[in-house]
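Undergrad: Got a structure for you, input_16.txt, holding compact mmCIF, C-alpha atoms.
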```txt
# COMPACT_ATOMS: atom_id res chain seq x y z
CA MET F 100 15.29 -14.18 6.91
CA SER F 101 12.16 -12.93 5.20
CA CYS F 102 12.41 -9.43 6.64
CA ALA F 103 15.91 -8.62 5.27
CA PRO F 104 14.66 -6.72 2.17
CA VAL F 105 12.23 -4.80 4.36
CA LEU F 106 15.06 -3.82 6.72
CA LEU F 107 17.31 -2.67 3.88
CA GLY F 108 14.47 -0.62 2.42
CA THR F 109 14.00 1.37 5.62
CA ILE F 110 17.65 2.45 5.89
CA PRO F 111 17.66 5.31 3.33
CA TYR F 112 14.33 6.49 4.65
CA ALA F 113 15.70 6.51 8.22
CA LEU F 114 18.82 8.44 7.19
CA VAL F 115 16.72 11.09 5.43
CA LEU F 116 14.48 11.53 8.48
CA GLY F 117 17.45 11.92 10.83
CA ALA F 118 19.19 14.42 8.55
CA GLN F 119 16.02 16.51 8.08
CA ALA F 120 15.32 16.54 11.82
CA THR F 121 18.63 18.25 12.59
CA GLN F 122 17.88 20.84 9.88
CA LYS F 123 14.68 21.63 11.79
CA GLY F 124 16.69 22.20 14.97
CA LEU F 125 16.24 18.91 16.81
CA SER F 126 19.30 17.55 18.60
CA THR F 127 20.47 14.00 17.93
CA VAL F 128 19.26 12.91 21.40
CA GLU F 129 15.81 14.41 20.77
CA LEU F 130 15.53 12.70 17.41
CA SER F 131 16.61 9.32 18.87
CA MET F 132 14.02 9.75 21.61
CA MET F 133 11.35 10.47 19.05
CA THR F 134 12.12 7.46 16.87
CA GLY F 135 12.72 5.21 19.90
CA LEU F 136 9.58 6.14 21.84
CA ASN F 137 7.19 6.81 18.98
CA PHE F 138 8.57 4.27 16.45
CA ALA F 139 6.16 5.15 13.62
CA GLY F 140 7.98 6.52 10.59
CA GLY F 141 5.08 8.12 8.70
CA SER F 142 4.05 10.23 11.69
CA GLU F 143 7.67 11.18 12.39
CA PHE F 144 8.11 12.43 8.83
CA ALA F 145 4.90 14.44 9.11
CA ALA F 146 5.96 15.84 12.51
CA ILE F 147 9.43 16.86 11.31
CA GLN F 148 8.01 18.49 8.21
CA LEU F 149 5.73 20.61 10.45
CA TRP F 150 8.31 21.12 13.20
CA THR F 151 8.93 24.68 14.40
CA SER F 152 10.89 25.97 17.36
CA PRO F 153 9.11 25.76 19.79
CA PRO F 154 6.90 23.02 18.28
CA HIS F 155 3.17 23.53 17.77
CA ILE F 156 2.33 20.68 20.15
CA LEU F 157 -1.39 20.31 19.49
CA LEU F 158 -0.84 20.23 15.73
CA ILE F 159 1.99 17.68 15.97
CA VAL F 160 0.01 15.38 18.29
CA ALA F 161 -3.17 15.58 16.21
CA ILE F 162 -1.28 14.82 13.00
CA THR F 163 0.52 11.94 14.70
CA PHE F 164 -2.82 10.48 15.74
CA LEU F 165 -4.31 10.81 12.27
CA VAL F 166 -1.30 9.31 10.48
CA ASN F 167 -1.21 6.42 12.96
CA SER F 168 -4.97 5.83 13.13
CA ARG F 169 -4.39 2.95 10.71
CA HIS F 170 -2.88 1.05 13.67
CA LEU F 171 -6.42 0.75 15.07
CA LEU F 172 -7.48 -1.35 12.09
CA MET F 173 -4.20 -3.27 12.09
CA GLY F 174 -4.55 -4.17 15.78
CA ALA F 175 -8.14 -5.26 15.24
CA ALA F 176 -7.04 -7.54 12.36
CA LEU F 177 -4.28 -9.07 14.48
CA ALA F 178 -6.46 -9.53 17.61
CA PRO F 179 -7.96 -12.96 16.70
CA PHE F 180 -4.41 -14.37 16.53
CA LEU F 181 -3.48 -12.98 19.94
CA ARG F 182 -6.19 -14.79 21.94
CA GLU F 183 -3.85 -17.42 23.39
CA LEU F 184 -1.41 -14.81 24.67
CA SER F 185 -1.70 -13.11 28.06
CA ARG F 186 -2.26 -9.36 28.12
CA ARG F 187 1.09 -9.04 29.88
CA LYS F 188 2.73 -10.23 26.66
CA VAL F 189 0.33 -8.59 24.21
CA PHE F 190 0.74 -5.00 25.45
CA PRO F 191 4.53 -4.88 25.12
CA ALA F 192 4.33 -6.76 21.79
CA LEU F 193 1.91 -4.17 20.40
CA PHE F 194 4.38 -1.37 21.14
CA PHE F 195 6.48 -2.84 18.31
CA MET F 196 3.62 -3.13 15.84
CA CYS F 197 4.57 -1.16 12.74
CA ASP F 198 3.43 -1.64 9.14
CA GLU F 199 6.27 -4.06 8.45
CA SER F 200 6.15 -6.20 11.63
CA TRP F 201 2.37 -6.35 11.42
CA ALA F 202 2.37 -7.47 7.79
CA LEU F 203 5.11 -10.08 8.39
CA GLY F 204 3.53 -11.40 11.60
CA LEU F 205 0.04 -11.61 10.12
CA ALA F 206 1.23 -13.28 6.90
CA ASP F 207 3.21 -15.82 8.96
CA ALA F 208 0.19 -16.54 11.20
CA LYS F 209 -2.10 -17.03 8.20
CA GLN F 210 0.42 -19.39 6.59
CA ARG F 211 0.73 -21.46 9.77
CA ALA F 212 -3.06 -21.54 10.19
CA ALA F 213 -3.44 -22.80 6.60
CA ALA F 214 -0.85 -25.50 7.31
CA GLY F 215 -2.83 -26.56 10.38
CA ILE F 216 -0.21 -25.47 12.92
CA ALA F 217 -1.60 -24.34 16.29
CA PRO F 218 -1.15 -21.80 17.70
CA ALA F 219 -1.03 -19.96 14.38
CA PHE F 220 0.64 -16.82 15.71
CA SER F 221 4.33 -17.24 16.47
CA PRO F 222 5.40 -14.66 19.08
CA ARG F 223 9.06 -15.50 18.42
CA TYR F 224 8.79 -14.79 14.71
CA TYR F 225 6.85 -11.56 15.31
CA ILE F 226 9.18 -10.25 18.02
CA GLY F 227 12.25 -11.19 15.96
CA ALA F 228 10.97 -9.21 12.96
CA ALA F 229 9.74 -6.34 15.13
CA LEU F 230 12.99 -5.96 17.10
CA ALA F 231 15.06 -6.06 13.92
CA MET F 232 12.88 -3.26 12.51
CA TYR F 233 13.10 -1.29 15.74
CA LEU F 234 16.88 -1.45 16.01
CA THR F 235 17.33 -0.60 12.33
CA TRP F 236 14.97 2.34 12.58
CA VAL F 237 16.40 3.89 15.75
CA SER F 238 20.06 3.38 14.83
CA PHE F 239 19.78 4.65 11.24
CA THR F 240 17.65 7.69 12.13
CA THR F 241 20.30 8.51 14.76
CA LEU F 242 23.06 8.07 12.18
CA GLY F 243 21.14 10.38 9.84
CA ALA F 244 20.96 13.00 12.59
CA LEU F 245 24.72 12.73 13.16
CA LEU F 246 25.45 13.08 9.43
CA GLY F 247 22.77 15.75 8.82
CA PRO F 248 24.79 18.84 9.82
CA MET F 249 27.48 17.90 7.28
CA LEU F 250 25.01 18.29 4.44
CA GLY F 251 24.55 22.04 4.89
CA ASP F 252 21.43 23.86 3.70
CA VAL F 253 18.99 21.25 2.41
CA GLU F 254 17.18 23.42 -0.14
CA THR F 255 20.30 24.23 -2.16
CA TYR F 256 20.78 20.59 -3.07
CA GLY F 257 17.12 19.69 -3.36
CA PHE F 258 17.08 17.54 -0.20
CA ASP F 259 13.73 19.02 0.79
CA MET F 260 12.23 17.08 -2.14
CA ALA F 261 12.92 13.92 -0.10
CA PHE F 262 9.71 14.60 1.87
CA PRO F 263 7.29 14.61 -1.05
CA ALA F 264 9.23 11.61 -2.46
CA VAL F 265 8.87 9.58 0.75
CA PHE F 266 5.21 10.56 1.22
CA LEU F 267 4.28 9.72 -2.37
CA VAL F 268 5.91 6.28 -2.10
CA LEU F 269 4.08 5.66 1.19
CA MET F 270 0.81 6.65 -0.46
CA ARG F 271 1.44 4.33 -3.38
CA GLY F 272 1.71 1.54 -0.79
CA MET F 273 -1.74 2.52 0.52
CA TRP F 274 -3.25 2.76 -2.98
CA LYS F 275 -6.48 0.78 -3.34
CA GLY F 276 -7.76 2.15 -6.63
CA VAL F 277 -9.01 5.50 -7.92
CA ALA F 278 -12.31 5.42 -6.03
CA ALA F 279 -10.58 4.92 -2.67
CA ALA F 280 -8.13 7.72 -3.49
CA ARG F 281 -10.77 10.40 -4.17
CA PRO F 282 -10.63 11.68 -0.55
CA TRP F 283 -6.87 12.23 -1.04
CA LEU F 284 -7.58 14.53 -3.98
CA VAL F 285 -10.07 16.48 -1.86
CA SER F 286 -7.41 16.80 0.86
CA LEU F 287 -4.82 17.99 -1.65
CA VAL F 288 -7.06 20.68 -3.16
CA VAL F 289 -8.36 21.98 0.18
CA ALA F 290 -4.90 21.94 1.81
CA ALA F 291 -3.36 23.77 -1.16
CA LEU F 292 -6.07 26.47 -1.16
CA VAL F 293 -5.86 26.99 2.60
CA TYR F 294 -2.06 27.14 2.35
CA LEU F 295 -2.31 29.88 -0.30
CA PHE F 296 -4.94 31.99 1.43
CA VAL F 297 -4.70 31.39 5.19
CA PRO F 298 -1.50 32.13 7.13
CA GLY F 299 -0.07 29.51 9.52
CA ALA F 300 -0.13 25.70 9.43
CA TRP F 301 -3.94 25.34 9.26
CA TYR F 302 -3.69 23.85 5.81
CA VAL F 303 -2.77 20.40 7.20
CA ALA F 304 -5.76 20.17 9.53
CA ALA F 305 -8.12 21.65 6.93
CA GLY F 306 -6.94 19.28 4.20
CA ALA F 307 -7.07 16.21 6.45
CA VAL F 308 -10.56 16.98 7.78
CA ALA F 309 -11.91 17.74 4.29
CA GLY F 310 -10.55 14.40 3.05
CA LEU F 311 -12.08 12.49 5.97
CA VAL F 312 -15.47 14.14 5.43
CA ALA F 313 -15.20 13.23 1.72
CA ALA F 314 -14.36 9.61 2.64
CA TRP F 315 -17.41 9.51 4.93
CA LEU F 316 -19.72 10.91 2.25
CA MET F 317 -18.29 8.84 -0.61
CA ALA F 318 -18.57 5.58 1.35
CA GLY F 319 -22.34 5.97 0.86
CA ASP F 320 -21.95 5.31 -2.89
CA ALA F 321 -20.33 1.93 -2.40
CA MET P 261 20.50 19.03 24.38
CA ILE P 262 16.87 18.34 25.33
CA ASP P 263 14.48 21.23 25.22
CA ALA P 264 11.33 21.04 27.41
CA PRO P 265 8.63 21.82 24.80
CA THR P 266 10.34 19.39 22.39
CA LEU P 267 10.44 16.67 25.05
CA PHE P 268 6.78 17.31 25.86
CA ALA P 269 5.80 17.05 22.19
CA ILE P 270 7.79 13.83 21.73
CA VAL P 271 6.30 12.16 24.82
CA LEU P 272 2.76 13.11 23.76
CA MET P 273 3.39 11.84 20.23
CA ALA P 274 4.65 8.54 21.66
CA GLY P 275 1.63 8.24 23.99
CA VAL P 276 -0.89 8.89 21.23
CA THR P 277 0.88 6.43 18.92
CA TYR P 278 0.86 3.71 21.59
CA LEU P 279 -2.87 4.28 22.12
CA THR P 280 -3.48 3.66 18.39
CA ARG P 281 -1.44 0.45 18.65
CA ILE P 282 -3.38 -1.02 21.58
CA GLY P 283 -6.73 0.63 20.71
CA GLY P 284 -7.57 -1.76 17.88
CA TYR P 285 -6.83 -4.77 20.07
CA VAL P 286 -8.65 -3.46 23.14
CA VAL P 287 -11.68 -1.72 21.65
CA LEU P 288 -12.28 -2.97 18.12
CA ARG P 289 -11.50 -6.68 18.34
CA ASN P 290 -15.08 -7.81 18.99
CA ARG P 291 -16.79 -5.15 16.93
CA VAL P 292 -17.83 -4.88 13.33
CA LEU P 293 -17.07 -1.41 11.99
CA SER P 294 -19.55 0.28 9.69
CA VAL P 295 -18.60 0.69 6.02
CA ARG P 296 -18.30 4.45 6.52
CA ALA P 297 -16.09 4.19 9.60
CA THR P 298 -13.77 1.74 7.82
CA ALA P 299 -13.59 3.98 4.75
CA VAL P 300 -12.69 7.00 6.88
CA MET P 301 -9.98 5.10 8.78
CA GLU P 302 -8.49 3.69 5.61
CA ALA P 303 -8.40 7.11 3.93
CA ALA P 304 -6.98 8.97 6.95
CA PRO P 305 -3.20 8.37 6.63
CA GLY P 306 -3.17 9.29 2.93
CA CYS P 307 -5.29 12.42 3.56
CA VAL P 308 -2.81 13.64 6.18
CA LEU P 309 0.30 12.87 4.13
CA ILE P 310 -0.98 14.62 1.00
CA SER P 311 -2.10 17.63 3.09
CA VAL P 312 1.37 17.97 4.62
CA ILE P 313 3.04 18.13 1.19
CA ALA P 314 0.26 20.17 -0.49
CA PRO P 315 2.37 23.39 -0.47
CA ALA P 316 4.83 21.73 -2.87
CA PHE P 317 2.01 21.36 -5.42
CA VAL P 318 1.34 25.12 -5.48
CA SER P 319 4.95 26.31 -5.47
CA ARG P 320 5.58 29.47 -7.48
CA ASN P 321 8.93 28.12 -8.67
CA PRO P 322 8.61 26.25 -12.01
CA ALA P 323 11.76 24.24 -11.20
CA ASP P 324 10.09 22.90 -8.04
CA LEU P 325 6.87 22.02 -9.87
CA LEU P 326 8.76 20.17 -12.59
CA ALA P 327 10.85 18.30 -10.01
CA LEU P 328 7.66 17.37 -8.13
CA ALA P 329 6.10 16.01 -11.34
CA ILE P 330 9.22 13.89 -11.97
CA THR P 331 9.15 12.66 -8.35
CA LEU P 332 5.45 11.80 -8.63
CA VAL P 333 6.06 9.66 -11.72
CA ALA P 334 9.05 7.99 -10.03
CA ALA P 335 6.95 7.23 -6.92
CA THR P 336 4.36 5.33 -8.96
CA ARG P 337 6.99 2.99 -10.43
CA LEU P 338 10.02 2.77 -8.15
CA SER P 339 10.79 1.88 -4.54
CA MET P 340 11.75 4.29 -1.77
CA LEU P 341 15.47 4.76 -2.39
CA PRO P 342 15.47 5.43 -6.15
CA THR P 343 12.45 7.73 -5.78
CA VAL P 344 14.18 9.81 -3.09
CA VAL P 345 17.39 9.97 -5.15
CA ILE P 346 15.51 11.03 -8.30
CA GLY P 347 13.43 13.57 -6.37
CA VAL P 348 16.42 15.18 -4.66
CA ALA P 349 18.61 15.12 -7.80
CA SER P 350 15.91 16.59 -10.04
CA ALA P 351 15.07 19.35 -7.55
CA GLY P 352 18.75 20.23 -7.05
CA LEU P 353 19.51 20.18 -10.76
CA LEU P 354 16.39 22.01 -11.98
CA ARG P 355 16.74 24.76 -9.36
CA HIS P 356 20.31 25.24 -10.52
CA LEU P 357 19.30 25.32 -14.22
CA ILE P 358 15.99 27.22 -14.12
CA GLY P 359 16.37 29.09 -10.85
```
Could you spell out this file's structure in structure tokens?
TA:
Amino acid sequence: MSCAPVLLGTIPYALVLGAQATQKGLSTVELSMMTGLNFAGGSEFAAIQLWTSPPHILLIVAITFLVNSRHLLMGAALAPFLRELSRRKVFPALFFMCDESWALGLADAKQRAAAGIAPAFSPRYYIGAALAMYLTWVSFTTLGALLGPMLGDVETYGFDMAFPAVFLVLMRGMWKGVAAARPWLVSLVVAALVYLFVPGAWYVAAGAVAGLVAAWLMAGDA
Amino acid sequence: MIDAPTLFAIVLMAGVTYLTRIGGYVVLRNRVLSVRATAVMEAAPGCVLISVIAPAFVSRNPADLLALAITLVAATRLSMLPTVVIGVASAGLLRHLIG
């Protein structure tokens, strides 16, 4: 099946997330709930990185929204292919829309449309890919949480570097050229300065907002 | 096992994420977004991710900075697993060697 390499690729990433979550004090049940109910890896990595006990709820929710705001564009791109489906089917199907299932489902629909097959969107193909992703994600993050406590203190072995590694690979996947990446640089510089000079976790919000303002202003040049 | 503030945070995260998943279908499907709005939405995930890891870029530990540079180069060329392995191994090793 076409999604096998995608599934294999998410396994190490899921294990790392689960292991890091237990280091931040989440129980295995809590972590499984997070990955099962939220099911959006990028936002879960960001949330775990910022997790404190008790969690800073407003910060976590705002960051989750910003990381997942790309779903808005993804859903809009998929919408024309969902016209023939009833809302009763679309709303549950959209719960399972992640980067991988979206990309596979959309590519399949475009291929079928080009071949003249109607309807172009195959709910069976999409749900098959999406459920495989879902089960892989939830089970391997849970496994990571079960194995996490055996690893001991993460910083001694350099496991904390897994976060920047995962984030940088995710960002490479979003790369659309130097011009489009300029807001990221603004975010980096502002977040780093705020981190150095302002106590607390304000650096994330400050960096994100500065980058978004930069994106807004720079879009005028294009 | 399940702590109330943690549960609350997780449920809110899940709710907000589901809204982003149905929002595009419900609100944006018959609309044309402005160039600026599209640019902001496309930049948003990267802006947040880089902001979260920004502290690593201004670490006072030279071993961490060197490991981050190695990880950055790996991330531009390799897939997830090798990049994570290289990042973790270089951080562990360099901290041991340089301190």
Undergrad: I'd like to know which of P:Val318, P:Leu272, P:Cys307, P:Leu354 is closest to Ile330 in chain P, using only C-alpha atoms.
TA: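 Among the listed residues, P:Leu354 lies closest to Ile330 in chain P.
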Undergrad: I'd like a table as a tab-separated table: residues in chain F with an atom no more than 6 Å from chain P, each row giving the shortest atom pair and its distance in Å to one decimal, all atoms listed in the file counted, sorted by chain and rising residue number.
TA:
```
residue	atom	partner	partner_atom	distance
F:Met133	CA	P:Ile270	CA	5.6
F:Leu136	CA	P:Ala274	CA	5.5
F:Asn137	CA	P:Ala274	CA	4.1
F:Ile156	CA	P:Ala269	CA	5.4
F:Val160	CA	P:Met273	CA	5.3
F:Val166	CA	P:Pro305	CA	4.4
F:Ser168	CA	P:Thr280	CA	5.9
F:His170	CA	P:Arg281	CA	5.2
F:Leu171	CA	P:Gly284	CA	3.9
F:Leu172	CA	P:Gly284	CA	5.8
F:Gly174	CA	P:Gly284	CA	4.4
F:Ala175	CA	P:Gly284	CA	4.4
F:Ala178	CA	P:Tyr285	CA	5.4
F:Leu193	CA	P:Arg281	CA	6.0
F:Tyr256	CA	P:Gly352	CA	4.5
F:Gly257	CA	P:Gly352	CA	4.1
F:Phe258	CA	P:Val348	CA	5.1
F:Met260	CA	P:Val348	CA	5.2
F:Ala261	CA	P:Val344	CA	5.2
F:Pro263	CA	P:Ile313	CA	6.0
F:Ala264	CA	P:Val344	CA	5.3
F:Leu267	CA	P:Ala335	CA	5.8
F:Val268	CA	P:Ala335	CA	5.0
F:Met270	CA	P:Gly306	CA	5.9
F:Trp283	CA	P:Cys307	CA	4.9
F:Ser286	CA	P:Cys307	CA	5.6
F:Leu287	CA	P:Ser311	CA	5.5
F:Ala290	CA	P:Ser311	CA	5.3
F:Ala291	CA	P:Ala314	CA	5.1
F:Val303	CA	P:Ser311	CA	5.0
F:Gly306	CA	P:Ser311	CA	5.2
F:Ala307	CA	P:Val308	CA	5.0
F:Gly310	CA	P:Cys307	CA	5.6
F:Leu311	CA	P:Val300	CA	5.6
F:Ala314	CA	P:Val300	CA	5.3
F:Trp315	CA	P:Arg296	CA	5.4
F:Ala318	CA	P:Arg296	CA	5.3
```
Undergrad: Considering only C-alpha atoms, state which residue in the set F:Phe296, F:Leu106, F:Lys209, F:Ala304 is at the smallest distance from Phe164 in chain F.
TA: F:Ala304
Undergrad: Between CA of Gly141 in chain F and CA of Phe266 in chain F, what is the distance, to one decimal in Å?
TA: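 Distance between the two atoms: 7.9 Å.
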Undergrad: Rounded to one decimal place, report the CA of Gly135 in chain F-CA of Val237 in chain F distance in Å.
TA: 5.7 Å
Undergrad: Find the residues around Trp201 in chain F up to 10 Å (only C-alpha atoms counted), leave out those fewer than 2 positions away in its own chain, and share them as an NGL selection string.
TA: :F and (170 or 173-174 or 176-177 or 193 or 195-199 or 203-207 or 225 or 228-229)
Undergrad: Would you mind exporting C-alpha atoms of the selected residues as an mmCIF file, in the coordinates of the input?
TA:
```cif
data_model
loop_
_atom_site.group_PDB
_atom_site.id
_atom_site.type_symbol
_atom_site.label_atom_id
_atom_site.label_comp_id
_atom_site.auth_asym_id
_atom_site.auth_seq_id
_atom_site.Cartn_x
_atom_site.Cartn_y
_atom_site.Cartn_z
ATOM 1 C CA HIS F 170 -2.880 1.050 13.670
ATOM 2 C CA MET F 173 -4.200 -3.270 12.090
ATOM 3 C CA GLY F 174 -4.550 -4.170 15.780
ATOM 4 C CA ALA F 176 -7.040 -7.540 12.360
ATOM 5 C CA LEU F 177 -4.280 -9.070 14.480
ATOM 6 C CA LEU F 193 1.910 -4.170 20.400
ATOM 7 C CA PHE F 195 6.480 -2.840 18.310
ATOM 8 C CA MET F 196 3.620 -3.130 15.840
ATOM 9 C CA CYS F 197 4.570 -1.160 12.740
ATOM 10 C CA ASP F 198 3.430 -1.640 9.140
ATOM 11 C CA GLU F 199 6.270 -4.060 8.450
ATOM 12 C CA LEU F 203 5.110 -10.080 8.390
ATOM 13 C CA GLY F 204 3.530 -11.400 11.600
ATOM 14 C CA LEU F 205 0.040 -11.610 10.120
ATOM 15 C CA ALA F 206 1.230 -13.280 6.900
ATOM 16 C CA ASP F 207 3.210 -15.820 8.960
ATOM 17 C CA TYR F 225 6.850 -11.560 15.310
ATOM 18 C CA ALA F 228 10.970 -9.210 12.960
ATOM 19 C CA ALA F 229 9.740 -6.340 15.130
#
```
Undergrad: Padding 8 Å on each side, edges along x, y and z: where is the centre of the box around the listed atoms of range 323-338 of chain P, and how long are its edges in Å to one decimal? Output it as JSON.
TA:
```
{"center_x": 8.1, "center_y": 13.5, "center_z": -9.8, "size_x": 23.4, "size_y": 37.5, "size_z": 21.7}
```
Undergrad: When you look at Ala118 in chain F with a cut-off of 6 Å (counting all atoms listed in the file), what residues show up, excluding the ones that are within fewer than 3 positions of it in the same chain? I need them as a ChimeraX atom specification.
TA: /F:115,121,243-244,247
Undergrad: Go ahead and compute the interatomic distance for CA of Ala214 in chain F and CA of Pro179 in chain F, in Å to one decimal.
TA: 17.2 Å
Undergrad: Taking (2.3, 12.0, 10.4) in the file's coordinates as the center, which residues reach within 6 Å of it, counting all atoms listed in the file, put as a PyMOL selection string?
TA: chain F and resi 141-143+145-146+162-163+166
Undergrad: Could you tell me which of F:Arg187, F:Lys275, F:Lys123, F:Arg223 comes closest to Ile147 in chain F if we count only C-alpha atoms?
TA: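 When distances to Ile147 in chain F are compared using only C-alpha atoms, the smallest one comes from F:Lys123.
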